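Data file: model_10.cif. Format and content: mmCIF, C-alpha atoms.
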```
data_run
#
loop_
_atom_site.label_atom_id
_atom_site.label_comp_id
_atom_site.auth_asym_id
_atom_site.auth_seq_id
_atom_site.Cartn_x
_atom_site.Cartn_y
_atom_site.Cartn_z
CA GLY B 1177 -11.01 11.42 8.97
CA GLN B 1178 -9.03 11.27 5.77
CA GLN B 1179 -10.45 8.97 3.13
CA VAL B 1180 -9.39 8.00 -0.33
CA MET B 1181 -12.22 6.40 -2.25
CA GLN B 1182 -11.52 4.31 -5.32
CA ILE B 1183 -13.96 3.06 -7.96
CA PRO B 1184 -14.89 0.71 -9.42
CA GLN B 1185 -14.11 -2.14 -7.05
CA TYR B 1186 -13.95 -4.65 -9.90
CA GLN B 1187 -13.67 -4.37 -13.68
CA HIS B 1188 -13.84 -7.20 -16.18
CA VAL B 1189 -12.79 -6.34 -19.74
CA GLN B 1190 -12.11 -8.13 -22.98
CA GLU B 1191 -8.50 -7.97 -24.08
CA GLY B 1192 -8.04 -4.87 -26.19
CA GLU B 1193 -10.65 -2.81 -24.38
CA ASP B 1194 -9.74 0.24 -22.33
CA PHE B 1195 -9.86 0.46 -18.53
CA THR B 1196 -10.06 3.36 -16.09
CA THR B 1197 -9.95 3.52 -12.31
CA TYR B 1198 -10.70 6.66 -10.29
CA CYS B 1199 -9.58 7.93 -6.91
CA ASN B 1200 -11.30 10.66 -4.94
CA SER B 1201 -10.15 12.29 -1.73
CA SER B 1202 -12.20 14.14 0.85
CA THR B 1203 -9.37 16.66 1.24
CA THR B 1204 -6.73 18.21 -0.96
CA LEU B 1205 -3.75 15.98 -1.56
CA SER B 1206 -0.12 16.93 -1.75
CA ASN B 1207 0.91 13.86 -3.75
CA ILE B 1208 -0.70 10.78 -5.13
CA GLN B 1209 1.04 7.50 -5.87
CA TRP B 1210 -0.20 4.52 -7.88
CA TYR B 1211 0.65 0.87 -7.23
CA LYS B 1212 -0.13 -2.42 -8.97
CA GLN B 1213 -0.54 -5.72 -7.13
CA ARG B 1214 -0.52 -8.87 -9.24
CA PRO B 1215 -2.59 -11.82 -7.95
CA GLY B 1216 -0.73 -13.43 -5.06
CA GLY B 1217 1.89 -10.69 -5.09
CA HIS B 1218 2.72 -7.47 -3.33
CA PRO B 1219 2.07 -3.87 -4.44
CA VAL B 1220 4.63 -2.42 -6.78
CA PHE B 1221 5.07 1.32 -7.27
CA LEU B 1222 4.05 2.65 -10.68
CA ILE B 1223 4.19 6.45 -10.54
CA GLN B 1224 3.83 9.59 -8.43
CA LEU B 1225 1.93 12.76 -9.34
CA VAL B 1226 2.51 16.03 -7.51
CA LYS B 1227 1.26 18.95 -9.62
CA SER B 1228 -2.25 20.18 -10.18
CA GLY B 1229 -3.55 18.93 -13.55
CA GLU B 1230 -0.49 16.76 -14.09
CA VAL B 1231 -0.62 14.02 -16.72
CA LYS B 1232 2.02 11.30 -16.98
CA LYS B 1233 2.24 8.41 -19.40
CA GLN B 1234 3.91 5.03 -19.20
CA LYS B 1235 3.40 3.21 -22.50
CA ARG B 1236 -0.32 2.30 -22.47
CA LEU B 1237 -0.92 3.75 -19.00
CA THR B 1238 -2.01 7.37 -18.51
CA PHE B 1239 -2.15 8.91 -15.05
CA GLN B 1240 -3.91 12.18 -14.23
CA PHE B 1241 -4.04 14.39 -11.17
CA GLY B 1242 -7.06 16.68 -10.94
CA GLU B 1243 -6.86 20.45 -11.00
CA ALA B 1244 -8.06 20.65 -7.39
CA LYS B 1245 -5.69 17.82 -6.38
CA LYS B 1246 -8.59 15.87 -4.90
CA ASN B 1247 -8.92 13.23 -7.57
CA SER B 1248 -6.81 11.11 -9.84
CA SER B 1249 -7.27 8.51 -12.52
CA LEU B 1250 -5.38 5.70 -14.19
CA HIS B 1251 -6.35 4.80 -17.75
CA ILE B 1252 -5.06 1.76 -19.61
CA THR B 1253 -5.44 1.72 -23.37
CA ALA B 1254 -5.95 -1.61 -25.15
CA THR B 1255 -5.63 -3.87 -22.14
CA GLN B 1256 -3.53 -7.01 -22.26
CA THR B 1257 -3.65 -10.10 -20.05
CA THR B 1258 -0.48 -8.88 -18.37
CA ASP B 1259 -2.46 -5.92 -16.99
CA VAL B 1260 -4.41 -8.24 -14.67
CA GLY B 1261 -4.12 -7.23 -11.02
CA THR B 1262 -5.35 -4.76 -8.46
CA TYR B 1263 -4.50 -1.09 -8.89
CA PHE B 1264 -4.24 1.10 -5.80
CA CYS B 1265 -3.90 4.80 -5.38
CA ALA B 1266 -2.28 6.27 -2.26
CA GLY B 1267 -2.76 9.91 -1.34
CA LEU B 1268 -0.65 12.13 0.90
CA PRO B 1269 -2.91 14.74 2.55
CA GLY B 1270 -1.87 18.34 2.24
CA TYR B 1271 -2.50 18.92 5.94
CA ASN B 1272 -0.52 15.96 7.28
CA PHE B 1273 2.64 14.71 5.65
CA ASN B 1274 3.05 11.73 7.97
CA LYS B 1275 1.48 9.00 5.91
CA PHE B 1276 -0.12 7.98 2.66
CA TYR B 1277 -3.74 6.78 2.65
CA PHE B 1278 -4.48 3.90 0.30
CA GLY B 1279 -7.65 3.53 -1.69
CA SER B 1280 -9.50 0.21 -1.60
CA GLY B 1281 -8.18 -0.76 -5.02
CA THR B 1282 -9.69 -1.74 -8.37
CA LYS B 1283 -9.32 -5.35 -9.36
CA LEU B 1284 -8.89 -5.71 -13.12
CA ASN B 1285 -9.57 -8.96 -14.91
CA VAL B 1286 -8.75 -9.21 -18.62
CA LYS B 1287 -10.36 -11.94 -20.68
CA PRO B 1288 -8.28 -13.13 -23.64
CA ASP G 1148 20.29 -8.00 -4.04
CA GLY G 1149 18.47 -5.46 -1.91
CA GLY G 1150 14.93 -5.95 -0.73
CA ILE G 1151 12.45 -6.60 2.03
CA THR G 1152 12.09 -10.06 3.52
CA GLN G 1153 9.02 -11.09 5.42
CA SER G 1154 8.73 -14.35 7.30
CA PRO G 1155 7.05 -16.65 7.64
CA LYS G 1156 4.99 -16.74 4.46
CA TYR G 1157 2.13 -18.51 6.26
CA LEU G 1158 1.37 -18.45 9.97
CA PHE G 1159 -1.30 -20.04 12.09
CA ARG G 1160 -2.33 -18.65 15.44
CA LYS G 1161 -4.04 -20.48 18.25
CA GLU G 1162 -6.56 -18.65 20.36
CA GLY G 1163 -4.96 -16.63 23.16
CA GLN G 1164 -1.56 -16.77 21.51
CA ASN G 1165 0.71 -13.91 20.52
CA VAL G 1166 2.56 -14.30 17.24
CA THR G 1167 5.36 -12.21 15.73
CA LEU G 1168 5.80 -11.45 12.05
CA SER G 1169 9.30 -10.65 10.90
CA CYS G 1170 10.25 -7.87 8.49
CA GLU G 1171 13.86 -7.20 7.50
CA GLN G 1172 15.17 -4.78 4.88
CA ASN G 1173 18.67 -4.27 3.51
CA LEU G 1174 17.80 -1.16 1.51
CA ASN G 1175 19.09 1.22 4.20
CA HIS G 1176 15.64 2.81 4.34
CA ASP G 1177 14.71 4.98 7.29
CA ALA G 1178 10.94 4.51 7.18
CA MET G 1179 9.09 1.23 7.62
CA TYR G 1180 5.40 0.36 7.64
CA TRP G 1181 3.01 -2.46 8.47
CA TYR G 1182 -0.25 -2.85 6.56
CA ARG G 1183 -3.13 -5.22 6.85
CA GLN G 1184 -4.98 -6.31 3.70
CA ASP G 1185 -8.38 -7.99 3.81
CA PRO G 1186 -10.16 -9.40 0.73
CA GLY G 1187 -11.69 -6.63 -1.35
CA GLN G 1188 -10.17 -3.93 0.81
CA GLY G 1189 -7.24 -1.65 0.45
CA LEU G 1190 -4.19 -1.45 2.64
CA ARG G 1191 -4.85 -0.29 6.17
CA LEU G 1192 -1.92 1.08 8.12
CA ILE G 1193 -1.21 -0.63 11.44
CA TYR G 1194 2.03 1.01 12.57
CA TYR G 1195 4.80 3.01 10.98
CA SER G 1196 8.29 4.04 11.95
CA GLN G 1197 10.04 7.06 10.55
CA ILE G 1198 13.36 6.35 12.18
CA VAL G 1199 15.00 3.78 14.41
CA ASN G 1200 13.75 3.71 18.03
CA ASP G 1201 10.58 5.56 17.04
CA PHE G 1202 7.19 4.36 15.84
CA GLN G 1203 3.65 5.67 15.56
CA LYS G 1204 0.21 4.11 15.55
CA GLY G 1205 -1.58 3.89 12.26
CA ASP G 1206 -5.31 3.63 11.69
CA ILE G 1207 -5.84 0.13 13.14
CA ALA G 1208 -3.16 -0.33 15.83
CA GLU G 1209 -5.37 -1.96 18.47
CA GLY G 1210 -4.26 -5.52 19.21
CA TYR G 1211 -0.85 -5.05 17.59
CA SER G 1212 2.58 -3.99 18.81
CA VAL G 1213 5.89 -3.22 17.12
CA SER G 1214 9.49 -2.39 17.90
CA ARG G 1215 12.24 -0.65 15.92
CA GLU G 1216 15.48 -1.37 17.69
CA LYS G 1217 17.47 -1.69 14.48
CA LYS G 1218 17.17 0.23 11.25
CA GLU G 1219 16.76 -2.90 9.18
CA SER G 1220 14.17 -4.66 11.36
CA PHE G 1221 10.53 -3.85 12.18
CA PRO G 1222 8.77 -6.89 13.70
CA LEU G 1223 5.01 -6.90 14.24
CA THR G 1224 3.38 -8.79 17.11
CA VAL G 1225 -0.24 -9.76 16.74
CA THR G 1226 -1.50 -10.10 20.30
CA SER G 1227 -4.38 -12.13 21.66
CA ALA G 1228 -6.26 -8.84 21.98
CA GLN G 1229 -6.63 -8.76 18.19
CA LYS G 1230 -9.88 -10.68 17.84
CA ASN G 1231 -9.94 -10.92 14.07
CA PRO G 1232 -6.32 -11.39 13.00
CA THR G 1233 -6.93 -13.44 9.85
CA ALA G 1234 -5.51 -11.31 7.03
CA PHE G 1235 -2.60 -10.74 4.69
CA TYR G 1236 0.09 -8.61 6.36
CA LEU G 1237 2.43 -6.49 4.28
CA CYS G 1238 5.59 -4.77 5.43
CA ALA G 1239 6.98 -1.85 3.43
CA SER G 1240 9.84 0.61 3.58
CA SER G 1241 10.78 3.89 1.97
CA ILE G 1242 14.06 5.81 1.81
CA ASP G 1243 12.58 8.62 3.88
CA PRO G 1244 9.22 9.13 5.52
CA PRO G 1245 6.86 11.53 3.77
CA TRP G 1246 7.80 15.05 4.83
CA GLY G 1247 6.39 17.60 2.46
CA ALA G 1248 4.86 18.38 -0.87
CA GLY G 1249 6.59 17.50 -4.10
CA ASP G 1250 8.71 14.88 -5.78
CA SER G 1251 10.80 14.35 -2.66
CA ASN G 1252 8.30 11.85 -1.31
CA GLN G 1253 9.59 8.38 -1.97
CA PRO G 1254 7.71 5.27 -3.08
CA GLN G 1255 7.18 2.39 -0.72
CA HIS G 1256 8.80 -0.98 -1.39
CA PHE G 1257 6.82 -3.98 -0.19
CA GLY G 1258 7.74 -7.43 1.03
CA ASP G 1259 5.98 -10.58 -0.18
CA GLY G 1260 3.64 -10.64 2.80
CA THR G 1261 2.62 -13.03 5.57
CA ARG G 1262 -0.74 -14.73 5.50
CA LEU G 1263 -2.04 -15.21 9.04
CA SER G 1264 -4.88 -17.59 9.88
CA ILE G 1265 -6.60 -18.75 13.02
CA LEU G 1266 -6.41 -22.41 14.03
#
```

Final C-alpha coordinates representation of the file:
Amino acid sequence: GQQVMQIPQYQHVQEGEDFTTYCNSSTTLSNIQWYKQRPGGHPVFLIQLVKSGEVKKQKRLTFQFGEAKKNSSLHITATQTTDVGTYFCAGLPGYNFNKFYFGSGTKLNVKP
Amino acid sequence: DGGITQSPKYLFRKEGQNVTLSCEQNLNHDAMYWYRQDPGQGLRLIYYSQIVNDFQKGDIAEGYSVSREKKESFPLTVTSAQKNPTAFYLCASSIDPPWGAGDSNQPQHFGDGTRLSIL
(Lines of atoms letter the chains of each structure in order from A and count residues from 1; the text may use other names and numbers.)
(Lines give C-alpha, C1' and ligand atoms only; values in the text may rest on other atoms or scores of the structure.)
Protein backbone atom coordinates (compact mmCIF):
# COMPACT_ATOMS: atom_id res chain seq x y z
CA GLY A 1 0.00 0.00 0.00
CA GLN A 2 0.89 3.65 -0.16
CA GLN A 3 3.57 4.74 2.27
CA VAL A 4 5.22 8.02 3.03
CA MET A 5 8.42 7.54 4.98
CA GLN A 6 9.95 10.40 6.92
CA ILE A 7 13.42 10.67 8.44
CA PRO A 8 14.91 11.28 10.88
CA GLN A 9 12.44 10.48 13.63
CA TYR A 10 14.15 12.85 16.06
CA GLN A 11 16.67 15.67 15.69
CA HIS A 12 18.34 17.60 18.48
CA VAL A 13 20.22 20.74 17.44
CA GLN A 14 21.91 23.68 19.07
CA GLU A 15 20.19 26.98 18.40
CA GLY A 16 21.64 28.46 15.24
CA GLU A 17 22.34 25.12 13.57
CA ASP A 18 20.51 24.01 10.46
CA PHE A 19 17.90 21.24 10.31
CA THR A 20 16.54 19.07 7.51
CA THR A 21 13.77 16.49 7.38
CA TYR A 22 13.13 14.21 4.41
CA CYS A 23 10.04 12.50 3.04
CA ASN A 24 10.07 9.61 0.59
CA SER A 25 7.11 8.01 -1.13
CA SER A 26 6.85 4.55 -2.64
CA THR A 27 4.82 6.01 -5.52
CA THR A 28 4.69 9.24 -7.45
CA LEU A 29 2.86 12.01 -5.65
CA SER A 30 0.55 14.60 -7.09
CA ASN A 31 1.00 17.06 -4.22
CA ILE A 32 2.85 17.22 -0.96
CA GLN A 33 1.89 19.31 2.04
CA TRP A 34 3.92 20.17 5.13
CA TYR A 35 2.56 20.70 8.64
CA LYS A 36 4.06 21.71 11.98
CA GLN A 37 2.76 20.49 15.34
CA ARG A 38 3.98 22.32 18.42
CA PRO A 39 4.24 20.27 21.65
CA GLY A 40 0.75 19.73 23.02
CA GLY A 41 -0.82 21.30 19.95
CA HIS A 42 -2.37 20.32 16.68
CA PRO A 43 -0.83 20.25 13.19
CA VAL A 44 -0.81 23.55 11.37
CA PHE A 45 -0.45 23.80 7.60
CA LEU A 46 2.81 25.32 6.36
CA ILE A 47 2.93 24.92 2.59
CA GLN A 48 1.94 22.85 -0.45
CA LEU A 49 4.19 21.81 -3.34
CA VAL A 50 2.76 20.59 -6.63
CA LYS A 51 5.37 20.87 -9.39
CA SER A 52 8.32 18.65 -10.14
CA GLY A 53 11.52 20.23 -8.77
CA GLU A 54 9.60 23.00 -7.05
CA VAL A 55 11.33 25.04 -4.35
CA LYS A 56 9.46 27.38 -2.02
CA LYS A 57 10.78 29.54 0.78
CA GLN A 58 9.19 30.94 3.91
CA LYS A 59 11.75 33.08 5.73
CA ARG A 60 14.23 30.53 7.14
CA LEU A 61 12.29 27.52 5.84
CA THR A 62 13.02 26.03 2.40
CA PHE A 63 10.77 23.34 0.94
CA GLN A 64 11.69 21.18 -2.04
CA PHE A 65 9.78 18.70 -4.17
CA GLY A 66 11.92 16.16 -6.03
CA GLU A 67 12.13 15.94 -9.79
CA ALA A 68 10.41 12.55 -9.77
CA LYS A 69 7.80 13.82 -7.28
CA LYS A 70 8.60 10.95 -4.94
CA ASN A 71 10.51 12.86 -2.31
CA SER A 72 10.48 16.17 -0.53
CA SER A 73 12.49 18.00 2.07
CA LEU A 74 12.13 20.80 4.58
CA HIS A 75 15.27 22.71 5.54
CA ILE A 76 15.43 25.24 8.36
CA THR A 77 18.38 27.61 8.40
CA ALA A 78 19.73 28.85 11.74
CA THR A 79 17.15 27.21 13.97
CA GLN A 80 15.52 29.11 16.80
CA THR A 81 13.76 27.81 19.91
CA THR A 82 10.46 28.74 18.30
CA ASP A 83 11.10 26.06 15.65
CA VAL A 84 10.61 23.31 18.25
CA GLY A 85 7.89 20.85 17.26
CA THR A 86 7.13 17.92 15.02
CA TYR A 87 7.16 18.43 11.26
CA PHE A 88 4.96 16.21 9.10
CA CYS A 89 4.74 15.77 5.39
CA ALA A 90 1.51 14.57 3.76
CA GLY A 91 1.49 13.20 0.23
CA LEU A 92 -1.39 12.88 -2.22
CA PRO A 93 -0.76 9.85 -4.48
CA GLY A 94 -0.96 10.42 -8.19
CA TYR A 95 -3.12 7.32 -8.63
CA ASN A 96 -5.70 8.10 -5.94
CA PHE A 97 -6.84 11.60 -5.16
CA ASN A 98 -9.03 10.58 -2.22
CA LYS A 99 -6.71 11.22 0.66
CA PHE A 100 -3.36 12.47 1.84
CA TYR A 101 -0.94 10.05 3.52
CA PHE A 102 1.00 11.48 6.44
CA GLY A 103 4.61 10.68 7.21
CA SER A 104 5.54 9.66 10.75
CA GLY A 105 6.98 13.10 11.49
CA THR A 106 10.34 14.47 12.62
CA LYS A 107 10.48 15.81 16.13
CA LEU A 108 12.83 18.79 16.37
CA ASN A 109 14.31 19.92 19.65
CA VAL A 110 16.36 23.12 19.74
CA LYS A 111 18.72 23.71 22.64
CA PRO A 112 19.28 27.38 23.49
CA ASP B 1 -14.13 33.27 14.81
CA GLY B 2 -14.17 30.22 12.56
CA GLY B 3 -12.60 26.95 13.55
CA ILE B 4 -12.89 23.33 14.57
CA THR B 5 -14.00 22.41 18.07
CA GLN B 6 -13.30 19.02 19.53
CA SER B 7 -14.73 17.84 22.82
CA PRO B 8 -14.00 16.67 25.34
CA LYS B 9 -10.30 17.45 25.66
CA TYR B 10 -9.75 14.37 27.82
CA LEU B 11 -11.86 11.23 27.92
CA PHE B 12 -11.66 8.02 29.89
CA ARG B 13 -13.21 4.80 28.71
CA LYS B 14 -14.18 1.82 30.78
CA GLU B 15 -13.79 -1.63 29.34
CA GLY B 16 -16.72 -2.68 27.17
CA GLN B 17 -17.92 0.89 26.82
CA ASN B 18 -18.55 2.89 23.66
CA VAL B 19 -17.53 6.53 23.75
CA THR B 20 -18.22 9.33 21.29
CA LEU B 21 -15.83 12.14 20.42
CA SER B 22 -17.38 15.33 19.14
CA CYS B 23 -16.08 17.40 16.22
CA GLU B 24 -17.83 20.57 15.05
CA GLN B 25 -16.66 23.06 12.44
CA ASN B 26 -18.07 26.44 11.43
CA LEU B 27 -15.78 26.90 8.45
CA ASN B 28 -18.39 25.67 5.95
CA HIS B 29 -15.96 22.97 4.85
CA ASP B 30 -17.23 20.01 2.87
CA ALA B 31 -14.58 17.48 3.84
CA MET B 32 -13.88 16.21 7.35
CA TYR B 33 -11.40 13.69 8.71
CA TRP B 34 -10.57 11.72 11.84
CA TYR B 35 -6.98 10.80 12.64
CA ARG B 36 -5.38 8.82 15.39
CA GLN B 37 -1.94 9.84 16.67
CA ASP B 38 0.20 7.54 18.80
CA PRO B 39 3.51 8.59 20.39
CA GLY B 40 6.30 8.66 17.83
CA GLN B 41 3.94 7.94 14.98
CA GLY B 42 2.34 10.02 12.32
CA LEU B 43 -1.32 10.62 11.74
CA ARG B 44 -3.28 7.56 10.72
CA LEU B 45 -6.60 8.11 8.99
CA ILE B 46 -9.60 6.47 10.65
CA TYR B 47 -12.52 7.78 8.59
CA TYR B 48 -13.15 10.64 6.22
CA SER B 49 -16.17 12.31 4.74
CA GLN B 50 -16.13 14.21 1.48
CA ILE B 51 -19.66 15.49 1.76
CA VAL B 52 -22.62 15.36 4.12
CA ASN B 53 -24.33 11.95 4.40
CA ASP B 54 -21.27 10.21 2.99
CA PHE B 55 -18.15 8.79 4.62
CA GLN B 56 -15.38 6.34 3.80
CA LYS B 57 -13.12 4.08 5.81
CA GLY B 58 -9.54 5.16 6.22
CA ASP B 59 -6.57 2.94 6.98
CA ILE B 60 -7.53 1.93 10.55
CA ALA B 61 -11.35 1.99 10.67
CA GLU B 62 -11.84 -1.25 12.63
CA GLY B 63 -13.44 -0.60 16.01
CA TYR B 64 -14.62 2.89 15.06
CA SER B 65 -17.79 4.34 13.56
CA VAL B 66 -18.82 7.78 12.32
CA SER B 67 -21.80 9.69 11.02
CA ARG B 68 -22.15 12.83 8.90
CA GLU B 69 -25.73 13.95 9.20
CA LYS B 70 -24.85 17.64 9.20
CA LYS B 71 -22.17 19.49 7.29
CA GLU B 72 -20.68 20.98 10.42
CA SER B 73 -20.58 17.81 12.54
CA PHE B 74 -18.56 14.58 12.25
CA PRO B 75 -18.68 12.60 15.53
CA LEU B 76 -16.46 9.56 16.05
CA THR B 77 -17.54 6.61 18.19
CA VAL B 78 -14.84 4.42 19.63
CA THR B 79 -16.53 1.07 20.19
CA SER B 80 -15.67 -1.70 22.61
CA ALA B 81 -14.31 -3.61 19.61
CA GLN B 82 -11.34 -1.22 19.53
CA LYS B 83 -9.00 -3.06 21.87
CA ASN B 84 -6.28 -0.44 22.06
CA PRO B 85 -8.08 2.92 22.02
CA THR B 86 -5.58 4.91 24.08
CA ALA B 87 -4.37 7.66 21.75
CA PHE B 88 -4.68 11.29 20.75
CA TYR B 89 -7.56 11.80 18.30
CA LEU B 90 -7.52 14.68 15.85
CA CYS B 91 -10.39 15.92 13.73
CA ALA B 92 -9.69 17.99 10.63
CA SER B 93 -11.57 19.64 7.81
CA SER B 94 -10.80 21.08 4.41
CA ILE B 95 -12.80 23.31 2.06
CA ASP B 96 -13.01 20.51 -0.50
CA PRO B 97 -11.79 16.93 -0.53
CA PRO B 98 -8.70 16.24 -2.61
CA TRP B 99 -9.81 15.79 -6.21
CA GLY B 100 -6.92 16.17 -8.58
CA ALA B 101 -3.42 17.35 -9.19
CA GLY B 102 -2.39 20.92 -8.59
CA ASP B 103 -2.90 23.87 -6.31
CA SER B 104 -6.62 23.22 -6.03
CA ASN B 105 -6.05 20.78 -3.19
CA GLN B 106 -6.77 22.52 0.06
CA PRO B 107 -4.94 22.30 3.38
CA GLN B 108 -6.50 20.59 6.34
CA HIS B 109 -7.44 22.56 9.45
CA PHE B 110 -7.17 20.64 12.70
CA GLY B 111 -8.97 20.80 16.01
CA ASP B 112 -7.15 20.74 19.36
CA GLY B 113 -7.66 17.01 19.78
CA THR B 114 -9.13 14.61 22.33
CA ARG B 115 -6.89 12.47 24.47
CA LEU B 116 -8.55 9.12 25.17
CA SER B 117 -7.38 6.78 27.92
CA ILE B 118 -8.53 3.49 29.35
CA LEU B 119 -9.69 3.31 32.97

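Minimum distance to Thr1152 in chain G across G:Thr1226, G:Asn1252, G:Ser1240, G:Asn1200 (counting only C-alpha atoms) occurs at G:Ser1240.
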
Can you list every residue of chain G that has an atom at most 10 Å from chain B, with its nearest atom pair and the distance in Å to one decimal, using all atoms listed in the file, ordered by chain then number, as a Markdown table?
```
| residue | atom | partner | partner_atom | distance |
| --- | --- | --- | --- | --- |
| G:Tyr1180 | CA | B:Lys1275 | CA | 9.6 |
| G:Gln1184 | CA | B:Ser1280 | CA | 9.5 |
| G:Asp1185 | CA | B:Ser1280 | CA | 9.9 |
| G:Pro1186 | CA | B:Ser1280 | CA | 9.9 |
| G:Gly1187 | CA | B:Ser1280 | CA | 7.2 |
| G:Gln1188 | CA | B:Ser1280 | CA | 4.8 |
| G:Gly1189 | CA | B:Ser1280 | CA | 3.6 |
| G:Leu1190 | CA | B:Phe1278 | CA | 5.8 |
| G:Arg1191 | CA | B:Phe1278 | CA | 7.2 |
| G:Leu1192 | CA | B:Tyr1277 | CA | 8.1 |
| G:Tyr1195 | CA | B:Lys1275 | CA | 8.5 |
| G:Gln1197 | CA | B:Asn1274 | CA | 8.8 |
| G:Gln1203 | CA | B:Asn1274 | CA | 9.7 |
| G:Gly1205 | CA | B:Lys1275 | CA | 8.7 |
| G:Asp1206 | CA | B:Tyr1277 | CA | 9.7 |
| G:Leu1237 | CA | B:His1218 | CA | 7.7 |
| G:Cys1238 | CA | B:His1218 | CA | 9.6 |
| G:Ala1239 | CA | B:Pro1219 | CA | 9.5 |
| G:Pro1244 | CA | B:Asn1274 | CA | 7.1 |
| G:Pro1245 | CA | B:Phe1273 | CA | 5.6 |
| G:Trp1246 | CA | B:Phe1273 | CA | 5.2 |
| G:Gly1247 | CA | B:Phe1273 | CA | 5.7 |
| G:Ala1248 | CA | B:Ser1206 | CA | 5.3 |
| G:Gly1249 | CA | B:Val1226 | CA | 5.5 |
| G:Asp1250 | CA | B:Val1226 | CA | 6.5 |
| G:Ser1251 | CA | B:Val1226 | CA | 9.8 |
| G:Asn1252 | CA | B:Asn1207 | CA | 8.0 |
| G:Gln1253 | CA | B:Gln1224 | CA | 8.7 |
| G:Pro1254 | CA | B:Phe1221 | CA | 6.3 |
| G:Gln1255 | CA | B:Phe1221 | CA | 7.0 |
| G:His1256 | CA | B:Val1220 | CA | 7.0 |
| G:Phe1257 | CA | B:His1218 | CA | 6.2 |
| G:Gly1258 | CA | B:His1218 | CA | 6.6 |
| G:Asp1259 | CA | B:His1218 | CA | 5.5 |
| G:Gly1260 | CA | B:His1218 | CA | 7.0 |
```

Practice task
Step by step, work through what the PyMOL selection byres ((chain G and resi 1172) around 9) selects in the shown file, and finish by giving those residues as JSON, numbers by chain.
Solution key: {"G": [1149, 1150, 1151, 1152, 1153, 1170, 1171, 1173, 1174, 1175, 1176, 1179, 1218, 1219, 1220, 1221, 1239, 1240, 1258]}

Problem - Contact residues around Leu1158 in chain G with all atoms listed in the file at 12 Å, ignoring same-chain residues under 6 positions, as a PyMOL selection string - result: chain G and resi 1165-1169+1225+1232-1236+1260-1266

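Closest approach to Gly1261 in chain B among B:Asn1285, B:Gln1187, B:Ser1201, B:Thr1196: B:Asn1285, based on all atoms listed in the file.
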
Practice task
Any chance you could resolve the PyMOL selection byres ((chain B and resi 1244) around 9) against this file and give the residues as a list in words?
Solution key: Thr1204, Leu1205, Ser1228, Gly1229, Phe1241, Gly1242, Glu1243, Lys1245, Lys1246 and Asn1247 of chain B
